[in-house]
Every structure is written in structure tokens, then in C-alpha cells.
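What follows is the content of run-v9.cif, which has mmCIF, C-alpha atoms:
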```
data_coords
loop_
_atom_site.group_PDB
_atom_site.id
_atom_site.type_symbol
_atom_site.label_atom_id
_atom_site.label_comp_id
_atom_site.auth_asym_id
_atom_site.auth_seq_id
_atom_site.Cartn_x
_atom_site.Cartn_y
_atom_site.Cartn_z
ATOM 1 C CA MET A 1 11.441 66.159 -49.613
ATOM 2 C CA THR A 2 11.245 69.503 -47.827
ATOM 3 C CA THR A 3 14.221 71.257 -46.270
ATOM 4 C CA GLN A 4 12.678 70.666 -42.855
ATOM 5 C CA SER A 5 12.321 66.921 -43.420
ATOM 6 C CA VAL A 6 15.900 66.710 -44.760
ATOM 7 C CA ARG A 7 17.180 68.412 -41.593
ATOM 8 C CA ALA A 8 15.089 66.119 -39.405
ATOM 9 C CA ALA A 9 16.526 63.083 -41.203
ATOM 10 C CA GLN A 10 20.063 64.443 -40.787
ATOM 11 C CA ARG A 11 19.466 65.059 -37.066
ATOM 12 C CA GLU A 12 18.153 61.529 -36.625
ATOM 13 C CA GLN A 13 21.133 60.104 -38.533
ATOM 14 C CA THR A 14 23.519 62.092 -36.305
ATOM 15 C CA ARG A 15 21.755 60.785 -33.182
ATOM 16 C CA ARG A 16 21.938 57.185 -34.431
ATOM 17 C CA THR A 17 25.632 57.598 -35.259
ATOM 18 C CA LEU A 18 26.373 59.052 -31.823
ATOM 19 C CA LEU A 19 24.543 56.171 -30.150
ATOM 20 C CA ARG A 20 26.272 53.544 -32.299
ATOM 21 C CA GLU A 21 29.781 54.911 -31.785
ATOM 22 C CA SER A 22 29.398 55.668 -28.091
ATOM 23 C CA ARG A 23 27.915 52.207 -27.539
ATOM 24 C CA ARG A 24 30.897 50.614 -29.271
ATOM 25 C CA LEU A 25 33.336 52.649 -27.182
ATOM 26 C CA PHE A 26 31.501 52.202 -23.859
ATOM 27 C CA ALA A 27 31.211 48.455 -24.450
ATOM 28 C CA SER A 28 34.848 47.934 -25.347
ATOM 29 C CA ARG A 29 36.499 50.234 -22.799
ATOM 30 C CA GLY A 30 33.929 51.189 -20.184
ATOM 31 C CA TYR A 31 32.228 54.501 -19.539
ATOM 32 C CA ALA A 32 35.006 56.072 -17.440
ATOM 33 C CA ALA A 33 37.724 55.432 -20.051
ATOM 34 C CA VAL A 34 35.859 57.140 -22.909
ATOM 35 C CA GLY A 35 35.902 60.907 -23.384
ATOM 36 C CA LEU A 36 33.472 63.089 -25.321
ATOM 37 C CA SER A 37 36.231 64.113 -27.735
ATOM 38 C CA GLU A 38 36.754 60.484 -28.650
ATOM 39 C CA ILE A 39 33.030 59.930 -29.160
ATOM 40 C CA VAL A 40 32.575 62.909 -31.483
ATOM 41 C CA ARG A 41 35.725 61.989 -33.413
ATOM 42 C CA ALA A 42 34.467 58.409 -33.899
ATOM 43 C CA ALA A 43 31.031 59.692 -34.927
ATOM 44 C CA GLY A 44 32.469 62.321 -37.252
ATOM 45 C CA VAL A 45 30.512 65.166 -35.655
ATOM 46 C CA THR A 46 31.259 68.222 -33.547
ATOM 47 C CA LYS A 47 30.764 68.547 -29.811
ATOM 48 C CA GLY A 48 28.030 71.043 -30.626
ATOM 49 C CA ALA A 49 26.168 68.335 -32.552
ATOM 50 C CA LEU A 50 26.525 65.976 -29.608
ATOM 51 C CA TYR A 51 25.216 68.616 -27.202
ATOM 52 C CA HIS A 52 22.296 69.288 -29.551
ATOM 53 C CA HIS A 53 21.118 65.733 -28.835
ATOM 54 C CA PHE A 54 22.467 65.023 -25.334
ATOM 55 C CA ASP A 55 23.140 67.376 -22.424
ATOM 56 C CA SER A 56 26.023 65.306 -21.088
ATOM 57 C CA LYS A 57 28.042 62.149 -21.466
ATOM 58 C CA ALA A 58 25.867 60.582 -18.748
ATOM 59 C CA GLU A 59 22.707 61.381 -20.739
ATOM 60 C CA LEU A 60 24.264 59.832 -23.836
ATOM 61 C CA PHE A 61 25.167 56.755 -21.795
ATOM 62 C CA ARG A 62 21.607 56.567 -20.453
ATOM 63 C CA ALA A 63 20.288 56.477 -24.034
ATOM 64 C CA VAL A 64 22.774 53.711 -24.900
ATOM 65 C CA LEU A 65 21.764 51.743 -21.795
ATOM 66 C CA GLU A 66 18.068 52.069 -22.660
ATOM 67 C CA GLN A 67 18.841 50.797 -26.164
ATOM 68 C CA VAL A 68 20.746 47.789 -24.792
ATOM 69 C CA GLN A 69 18.018 47.014 -22.250
ATOM 70 C CA GLN A 70 15.363 47.238 -24.948
ATOM 71 C CA GLU A 71 17.273 44.842 -27.204
ATOM 72 C CA VAL A 72 17.795 42.350 -24.373
ATOM 73 C CA GLY A 73 14.116 42.658 -23.456
ATOM 74 C CA GLU A 74 13.091 41.997 -27.047
ATOM 75 C CA ARG A 75 15.304 38.880 -27.199
ATOM 76 C CA VAL A 76 13.857 37.597 -23.939
ATOM 77 C CA ALA A 77 10.270 38.300 -25.032
ATOM 78 C CA ALA A 78 10.762 36.683 -28.442
ATOM 79 C CA THR A 79 12.203 33.551 -26.823
ATOM 80 C CA ALA A 80 9.420 33.372 -24.231
ATOM 81 C CA ASP A 81 6.680 34.108 -26.766
ATOM 82 C CA ALA A 82 7.864 31.214 -28.927
ATOM 83 C CA GLU A 83 6.570 28.894 -26.191
ATOM 84 C CA GLU A 84 2.884 28.197 -25.571
ATOM 85 C CA ASP A 85 2.924 27.015 -21.970
ATOM 86 C CA PRO A 86 3.257 29.861 -19.391
ATOM 87 C CA TRP A 87 5.741 27.871 -17.273
ATOM 88 C CA THR A 88 7.926 27.133 -20.283
ATOM 89 C CA GLN A 89 7.693 30.797 -21.253
ATOM 90 C CA LEU A 90 9.056 31.831 -17.849
ATOM 91 C CA VAL A 91 11.926 29.351 -17.948
ATOM 92 C CA ALA A 92 12.797 30.156 -21.572
ATOM 93 C CA GLY A 93 12.689 33.899 -20.894
ATOM 94 C CA CYS A 94 14.942 33.629 -17.844
ATOM 95 C CA GLN A 95 17.388 31.441 -19.774
ATOM 96 C CA ALA A 96 17.351 33.907 -22.681
ATOM 97 C CA PHE A 97 18.191 36.733 -20.280
ATOM 98 C CA LEU A 98 21.261 34.854 -19.045
ATOM 99 C CA ALA A 99 22.328 34.055 -22.604
ATOM 100 C CA ALA A 100 21.909 37.688 -23.724
ATOM 101 C CA SER A 101 23.681 38.933 -20.616
ATOM 102 C CA ALA A 102 26.646 36.659 -21.295
ATOM 103 C CA ASP A 103 27.604 39.048 -24.100
ATOM 104 C CA PRO A 104 30.543 41.089 -22.706
ATOM 105 C CA ASP A 105 29.262 44.288 -24.360
ATOM 106 C CA VAL A 106 25.863 43.887 -22.691
ATOM 107 C CA GLN A 107 27.510 43.137 -19.347
ATOM 108 C CA GLN A 108 29.737 46.209 -19.486
ATOM 109 C CA ILE A 109 26.954 48.623 -20.378
ATOM 110 C CA MET A 110 23.949 47.134 -18.603
ATOM 111 C CA LEU A 111 25.400 45.541 -15.489
ATOM 112 C CA VAL A 112 28.785 47.151 -14.765
ATOM 113 C CA ASP A 113 28.515 50.769 -15.904
ATOM 114 C CA GLY A 114 24.730 51.144 -15.668
ATOM 115 C CA PRO A 115 24.477 51.249 -11.862
ATOM 116 C CA ALA A 116 27.812 53.059 -11.504
ATOM 117 C CA VAL A 117 27.036 55.858 -13.954
ATOM 118 C CA LEU A 118 23.342 56.431 -13.286
ATOM 119 C CA GLY A 119 23.265 55.523 -9.615
ATOM 120 C CA TRP A 120 21.523 52.549 -8.112
ATOM 121 C CA ASN A 121 18.035 54.100 -7.893
ATOM 122 C CA GLU A 122 17.879 55.273 -11.498
ATOM 123 C CA TRP A 123 19.397 52.030 -12.763
ATOM 124 C CA ARG A 124 16.833 50.031 -10.769
ATOM 125 C CA ALA A 125 14.009 52.140 -12.211
ATOM 126 C CA LEU A 126 15.228 51.413 -15.748
ATOM 127 C CA ASP A 127 15.647 47.715 -14.943
ATOM 128 C CA GLU A 128 12.137 47.665 -13.487
ATOM 129 C CA ALA A 129 10.707 49.244 -16.627
ATOM 130 C CA ALA A 130 12.722 47.014 -18.946
ATOM 131 C CA SER A 131 12.327 43.574 -17.389
ATOM 132 C CA ALA A 132 11.212 43.261 -13.764
ATOM 133 C CA ARG A 133 7.633 44.222 -14.609
ATOM 134 C CA HIS A 134 7.398 41.378 -17.152
ATOM 135 C CA LEU A 135 8.869 38.910 -14.684
ATOM 136 C CA ALA A 136 6.343 39.973 -12.038
ATOM 137 C CA GLU A 137 3.483 39.561 -14.522
ATOM 138 C CA ALA A 138 4.651 36.068 -15.464
ATOM 139 C CA LEU A 139 4.997 35.022 -11.822
ATOM 140 C CA THR A 140 1.552 36.435 -10.985
ATOM 141 C CA GLU A 141 -0.008 34.509 -13.865
ATOM 142 C CA LEU A 142 1.691 31.275 -12.807
ATOM 143 C CA MET A 143 0.561 31.723 -9.195
ATOM 144 C CA ALA A 144 -3.014 32.377 -10.306
ATOM 145 C CA ALA A 145 -2.907 29.161 -12.347
ATOM 146 C CA GLY A 146 -1.522 27.226 -9.368
ATOM 147 C CA VAL A 147 1.736 26.397 -11.141
ATOM 148 C CA ILE A 148 3.823 28.291 -8.580
ATOM 149 C CA VAL A 149 3.092 28.278 -4.867
ATOM 150 C CA ALA A 150 1.186 31.470 -3.985
ATOM 151 C CA GLN A 151 3.429 34.013 -2.261
ATOM 152 C CA PRO A 152 4.164 37.732 -2.358
ATOM 153 C CA VAL A 153 5.209 38.559 -5.931
ATOM 154 C CA ALA A 154 7.362 41.653 -5.294
ATOM 155 C CA PRO A 155 10.058 39.961 -3.188
ATOM 156 C CA LEU A 156 10.141 36.889 -5.419
ATOM 157 C CA THR A 157 10.565 39.103 -8.486
ATOM 158 C CA ARG A 158 13.457 40.974 -6.837
ATOM 159 C CA LEU A 159 15.116 37.736 -5.715
ATOM 160 C CA LEU A 160 14.968 36.168 -9.169
ATOM 161 C CA SER A 161 15.972 39.369 -10.949
ATOM 162 C CA GLY A 162 18.849 39.936 -8.553
ATOM 163 C CA ALA A 163 20.024 36.342 -8.877
ATOM 164 C CA MET A 164 20.009 36.554 -12.666
ATOM 165 C CA ASN A 165 21.806 39.929 -12.693
ATOM 166 C CA GLU A 166 24.431 38.603 -10.256
ATOM 167 C CA ALA A 167 24.893 35.450 -12.340
ATOM 168 C CA ALA A 168 25.359 37.581 -15.452
ATOM 169 C CA LEU A 169 28.014 39.658 -13.680
ATOM 170 C CA TRP A 170 29.794 36.501 -12.569
ATOM 171 C CA LEU A 171 29.691 35.152 -16.117
ATOM 172 C CA ALA A 172 31.463 38.331 -17.202
ATOM 173 C CA SER A 173 34.420 37.475 -14.980
ATOM 174 C CA THR A 174 34.834 33.815 -15.869
ATOM 175 C CA ALA A 175 36.697 32.382 -18.820
ATOM 176 C CA ASP A 176 35.273 28.867 -18.661
ATOM 177 C CA PRO A 177 32.899 28.359 -21.628
ATOM 178 C CA SER A 178 30.894 25.749 -19.690
ATOM 179 C CA ASP A 179 29.910 28.293 -17.022
ATOM 180 C CA LEU A 180 26.941 29.627 -19.006
ATOM 181 C CA ALA A 181 25.448 26.152 -19.404
ATOM 182 C CA ASP A 182 26.130 25.372 -15.734
ATOM 183 C CA THR A 183 24.507 28.647 -14.678
ATOM 184 C CA GLN A 184 21.483 27.999 -16.865
ATOM 185 C CA ALA A 185 21.149 24.503 -15.359
ATOM 186 C CA ALA A 186 21.318 25.969 -11.838
ATOM 187 C CA LEU A 187 18.681 28.540 -12.796
ATOM 188 C CA SER A 188 16.415 25.771 -14.095
ATOM 189 C CA ARG A 189 16.726 23.928 -10.775
ATOM 190 C CA LEU A 190 16.023 27.146 -8.863
ATOM 191 C CA LEU A 191 12.924 27.886 -10.925
ATOM 192 C CA GLU A 192 11.718 24.287 -10.641
ATOM 193 C CA SER A 193 11.793 24.628 -6.848
ATOM 194 C CA LEU A 194 9.038 27.267 -7.145
ATOM 195 C CA ARG A 195 6.523 24.858 -8.636
ATOM 196 C CA GLY A 196 3.534 23.945 -6.521
#
```
This entry written out as C-alpha cells:
Amino acid sequence: MTTQSVRAAQREQTRRTLLRESRRLFASRGYAAVGLSEIVRAAGVTKGALYHHFDSKAELFRAVLEQVQQEVGERVAATADAEEDPWTQLVAGCQAFLAASADPDVQQIMLVDGPAVLGWNEWRALDEAASARHLAEALTELMAAGVIVAQPVAPLTRLLSGAMNEAALWLASTADPSDLADTQAALSRLLESLRG
């Protein structure tokens, strides 16, 4: 292994460690309560090493948020792809999103701190790239097949996405373990009302 490849591997390991430790801290205490000094101490690196990879705490948070969104998206896609029928894929994917979003760490990073730290417009752009596009594609396919009543896709996508995000935030504030199942049942009824 060359010196250059060793350094590249070390840089990548430092970046992964910074992401892992900052994610743990942001999830458990929230973005505002975590300082850069605490992050570098937990990661076992210097502030200079952190700044080599990220220009600011907000940029580090953005990378953590993208990681969380990607993982949630992968869980949703894997659940949906396990189904053959496009309608069942939509329902399973939406249910998987609620289940993944019920994780308090995901809620804190993706739904509570995400919009607050990055601002609504940037958070929406990331959400669009991570999940709304897939939801719109699924709805378009179901409308083309006549499964869902034909209607403008963009507002329907925003309504469903917003409803699921709001439900996930509500689930974060409730202590009743039956609330996830009740919310998923309500979502199933809502989706069923779209059928043609």
C-alpha cells in the first residue's frame, strides 16, 4: 500500500468516525446542545481534522442528515421492493417510512433538527431528493394503471409526505406503544381512499 493510499484510508476513517460520533451526539441530545469540542473529543481527533472534512458544525450535521435519510430511504425501498404488486409496494413503503421514523434518533436528526438547522428550503430539497421523488413516481405509476384516481401528482405527493412527516413527529412525542400501530392503520385507511 502506498503512502498516499494509507493517508486516504486514514482520512476516510477520520470522516467516518466524525460522522458516527456526531450522529450519536446529535441524536441523543439534539444539534443545539452539542459543541464541536465535544464532537472532536468523542471522535478522538483535533478540531483541525474536523475542519479538514467539514467547514462547520452545520455542514457536519448536513452530512449526518443525508446519511440518516439515505438509510431510511434504503429501508423503505427494500420493504417496498419485497412486494410485487405496485399498490402493495406503495402501502408497504409508506408503512416502512413510519416505522423507521418512529426511531427517536431518526426523529431528532431528520425531523426535528433537520429543518431547524438547515432551514426549511434546504431541508425540503434534501427530503425531495431522498424520498418525495420516489413517492411521486409510485403515485404516477398507480394513476397510469388506473389503481389511483387520476389527479395532479405534485400536490398529492406533498400531502402524503407532509402527513407522514407530521405523524412521525407526533410519534416522537407520545409514550403509548400502540400509537405506531394506530398511526399505520390510519395511514392504510388514508391510502385506501385514493383507490379508483
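Atom to atom, CA of Asp179 in chain A and CA of Ser161 in chain A stand 18.8 Å apart.
Between Ile148 in chain A and the candidates A:Asp113, A:Glu192, A:Asp176, A:Glu166, the tightest atom-to-atom separation, counting all atoms listed in the file, involves A:Glu192.
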Discussion item. Taking the file as I've supplied it (selection: the PyMOL selection byres ((chain A and resi 59-63) around 10)), which residues are included? Please answer as an NGL selection string.
Written reply: :A and (15 or 18-19 or 22-23 or 26 or 31 or 36 or 50-51 or 53-58 or 64-69 or 109-110 or 113-114 or 117-118 or 122-123 or 126)
As an mmCIF file with C-alpha atoms, in the frame of the given file, please: the residues near range 80-93 of chain A (cut-off 9 Å, only C-alpha atoms, same-chain neighbours under 6 positions excluded).
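Result written to out_10.cif:
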```cif
data_model
loop_
_atom_site.group_PDB
_atom_site.id
_atom_site.type_symbol
_atom_site.label_atom_id
_atom_site.label_comp_id
_atom_site.auth_asym_id
_atom_site.auth_seq_id
_atom_site.Cartn_x
_atom_site.Cartn_y
_atom_site.Cartn_z
ATOM 1 C CA LEU A 135 8.869 38.910 -14.684
ATOM 2 C CA ALA A 138 4.651 36.068 -15.464
ATOM 3 C CA LEU A 139 4.997 35.022 -11.822
ATOM 4 C CA GLU A 141 -0.008 34.509 -13.865
ATOM 5 C CA LEU A 142 1.691 31.275 -12.807
ATOM 6 C CA VAL A 147 1.736 26.397 -11.141
ATOM 7 C CA ILE A 148 3.823 28.291 -8.580
ATOM 8 C CA LEU A 187 18.681 28.540 -12.796
ATOM 9 C CA SER A 188 16.415 25.771 -14.095
ATOM 10 C CA LEU A 191 12.924 27.886 -10.925
ATOM 11 C CA GLU A 192 11.718 24.287 -10.641
#
```
Listed atoms of range 52-69 of chain A, axis-aligned box, 5 Å per side: centre and edge lengths to one decimal in Å, as JSON?
```
{"center_x": 23.0, "center_y": 58.2, "center_z": -24.1, "size_x": 20.0, "size_y": 32.3, "size_z": 20.8}
```
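Remark: for Leu160 in chain A, the closest of the candidate residues A:Leu190, A:Thr79, A:Thr140, A:Ser28 is A:Leu190 (distances computed over all atoms listed in the file).
Between Arg24 in chain A and the residues A:Gln108, A:Glu71, A:Ala78, A:Arg11, the shortest atom-to-atom distance, using only C-alpha atoms, involves A:Gln108.
Of note, CA of Ala27 in chain A and CA of Gln107 in chain A are spaced 8.2 Å apart.
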Fill in: CA of Ala8 in chain A to CA of Ala130 in chain A, straight-line distance in Å
28.1 Å
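When only C-alpha atoms are used to measure the gap to Val149 in chain A, the shortest distance among A:Arg195, A:His52, A:His134, A:Arg29 belongs to A:Arg195.
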Worksheet, complete the sentence: Of A:Ala77, A:Ser5, A:Glu128, A:Val40, the one nearest to Thr17 in chain A when counting all atoms listed in the file is A:Val40
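Considering the residues A:Gln10, A:Ala100, A:Ala129, A:Ser178 and counting all atoms listed in the file, Val45 in chain A has its shortest atom-to-atom contact with A:Gln10.
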Item to complete: Just the residues within 12 Å of Ala181 in chain A, please, counting all atoms listed in the file, with nothing from its chain fewer than 2 positions along; format it as a PyMOL selection string.
Response: chain A and resi 95-96+98-99+102+167+171+176-179+183-188
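For the file shown, the residue list from the PyMOL selection byres ((chain A and resi 157) around 9) reads Ala132, Arg133, Leu135, Ala136, Leu139, Pro152, Val153, Ala154, Pro155, Leu156, Arg158, Leu159, Leu160, Ser161 and Gly162 of chain A.
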Can you complete the atoms of range 70-87 of chain A to N, CA, C and O atoms and list them as a JSON list (two decimals), keeping the file's coordinate frame?
```json
[["chain", "number", "residue", "atom", "x", "y", "z"],
["A", 70, "GLN", "N", 16.48, 47.52, -24.05],
["A", 70, "GLN", "CA", 15.36, 47.24, -24.95],
["A", 70, "GLN", "C", 15.68, 46.04, -25.83],
["A", 70, "GLN", "O", 14.84, 45.15, -26.01],
["A", 71, "GLU", "N", 16.88, 45.97, -26.35],
["A", 71, "GLU", "CA", 17.27, 44.84, -27.20],
["A", 71, "GLU", "C", 17.27, 43.53, -26.42],
["A", 71, "GLU", "O", 16.79, 42.51, -26.92],
["A", 72, "VAL", "N", 17.81, 43.55, -25.20],
["A", 72, "VAL", "CA", 17.80, 42.35, -24.37],
["A", 72, "VAL", "C", 16.35, 41.95, -24.08],
["A", 72, "VAL", "O", 15.98, 40.78, -24.18],
["A", 73, "GLY", "N", 15.53, 42.93, -23.72],
["A", 73, "GLY", "CA", 14.12, 42.66, -23.46],
["A", 73, "GLY", "C", 13.40, 42.05, -24.64],
["A", 73, "GLY", "O", 12.58, 41.13, -24.49],
["A", 74, "GLU", "N", 13.70, 42.54, -25.84],
["A", 74, "GLU", "CA", 13.09, 42.00, -27.05],
["A", 74, "GLU", "C", 13.54, 40.56, -27.29],
["A", 74, "GLU", "O", 12.73, 39.71, -27.68],
["A", 75, "ARG", "N", 14.81, 40.26, -27.04],
["A", 75, "ARG", "CA", 15.30, 38.88, -27.20],
["A", 75, "ARG", "C", 14.62, 37.95, -26.21],
["A", 75, "ARG", "O", 14.22, 36.84, -26.57],
["A", 76, "VAL", "N", 14.50, 38.41, -24.97],
["A", 76, "VAL", "CA", 13.86, 37.60, -23.94],
["A", 76, "VAL", "C", 12.40, 37.35, -24.30],
["A", 76, "VAL", "O", 11.90, 36.22, -24.25],
["A", 77, "ALA", "N", 11.70, 38.42, -24.69],
["A", 77, "ALA", "CA", 10.27, 38.30, -25.03],
["A", 77, "ALA", "C", 10.06, 37.39, -26.24],
["A", 77, "ALA", "O", 9.15, 36.56, -26.25],
["A", 78, "ALA", "N", 10.90, 37.53, -27.24],
["A", 78, "ALA", "CA", 10.76, 36.68, -28.44],
["A", 78, "ALA", "C", 10.98, 35.21, -28.09],
["A", 78, "ALA", "O", 10.24, 34.33, -28.58],
["A", 79, "THR", "N", 11.95, 34.93, -27.23],
["A", 79, "THR", "CA", 12.20, 33.55, -26.82],
["A", 79, "THR", "C", 11.03, 33.01, -26.02],
["A", 79, "THR", "O", 10.57, 31.89, -26.24],
["A", 80, "ALA", "N", 10.55, 33.81, -25.07],
["A", 80, "ALA", "CA", 9.42, 33.37, -24.23],
["A", 80, "ALA", "C", 8.16, 33.20, -25.07],
["A", 80, "ALA", "O", 7.43, 32.22, -24.91],
["A", 81, "ASP", "N", 7.90, 34.15, -25.96],
["A", 81, "ASP", "CA", 6.68, 34.11, -26.77],
["A", 81, "ASP", "C", 6.66, 32.94, -27.75],
["A", 81, "ASP", "O", 5.60, 32.57, -28.25],
["A", 82, "ALA", "N", 7.81, 32.36, -28.02],
["A", 82, "ALA", "CA", 7.86, 31.21, -28.93],
["A", 82, "ALA", "C", 7.30, 29.96, -28.26],
["A", 82, "ALA", "O", 7.02, 28.97, -28.93],
["A", 83, "GLU", "N", 7.12, 30.02, -26.95],
["A", 83, "GLU", "CA", 6.57, 28.89, -26.19],
["A", 83, "GLU", "C", 5.09, 29.13, -25.92],
["A", 83, "GLU", "O", 4.66, 30.27, -25.79],
["A", 84, "GLU", "N", 4.32, 28.06, -25.82],
["A", 84, "GLU", "CA", 2.88, 28.20, -25.57],
["A", 84, "GLU", "C", 2.53, 28.12, -24.09],
["A", 84, "GLU", "O", 1.68, 28.84, -23.61],
["A", 85, "ASP", "N", 3.21, 27.25, -23.38],
["A", 85, "ASP", "CA", 2.92, 27.02, -21.97],
["A", 85, "ASP", "C", 3.52, 28.14, -21.11],
["A", 85, "ASP", "O", 4.71, 28.47, -21.28],
["A", 86, "PRO", "N", 2.74, 28.76, -20.21],
["A", 86, "PRO", "CA", 3.26, 29.86, -19.39],
["A", 86, "PRO", "C", 4.49, 29.50, -18.57],
["A", 86, "PRO", "O", 5.40, 30.32, -18.41],
["A", 87, "TRP", "N", 4.56, 28.27, -18.03],
["A", 87, "TRP", "CA", 5.74, 27.87, -17.27],
["A", 87, "TRP", "C", 6.97, 27.82, -18.18],
["A", 87, "TRP", "O", 8.04, 28.34, -17.84]]
```
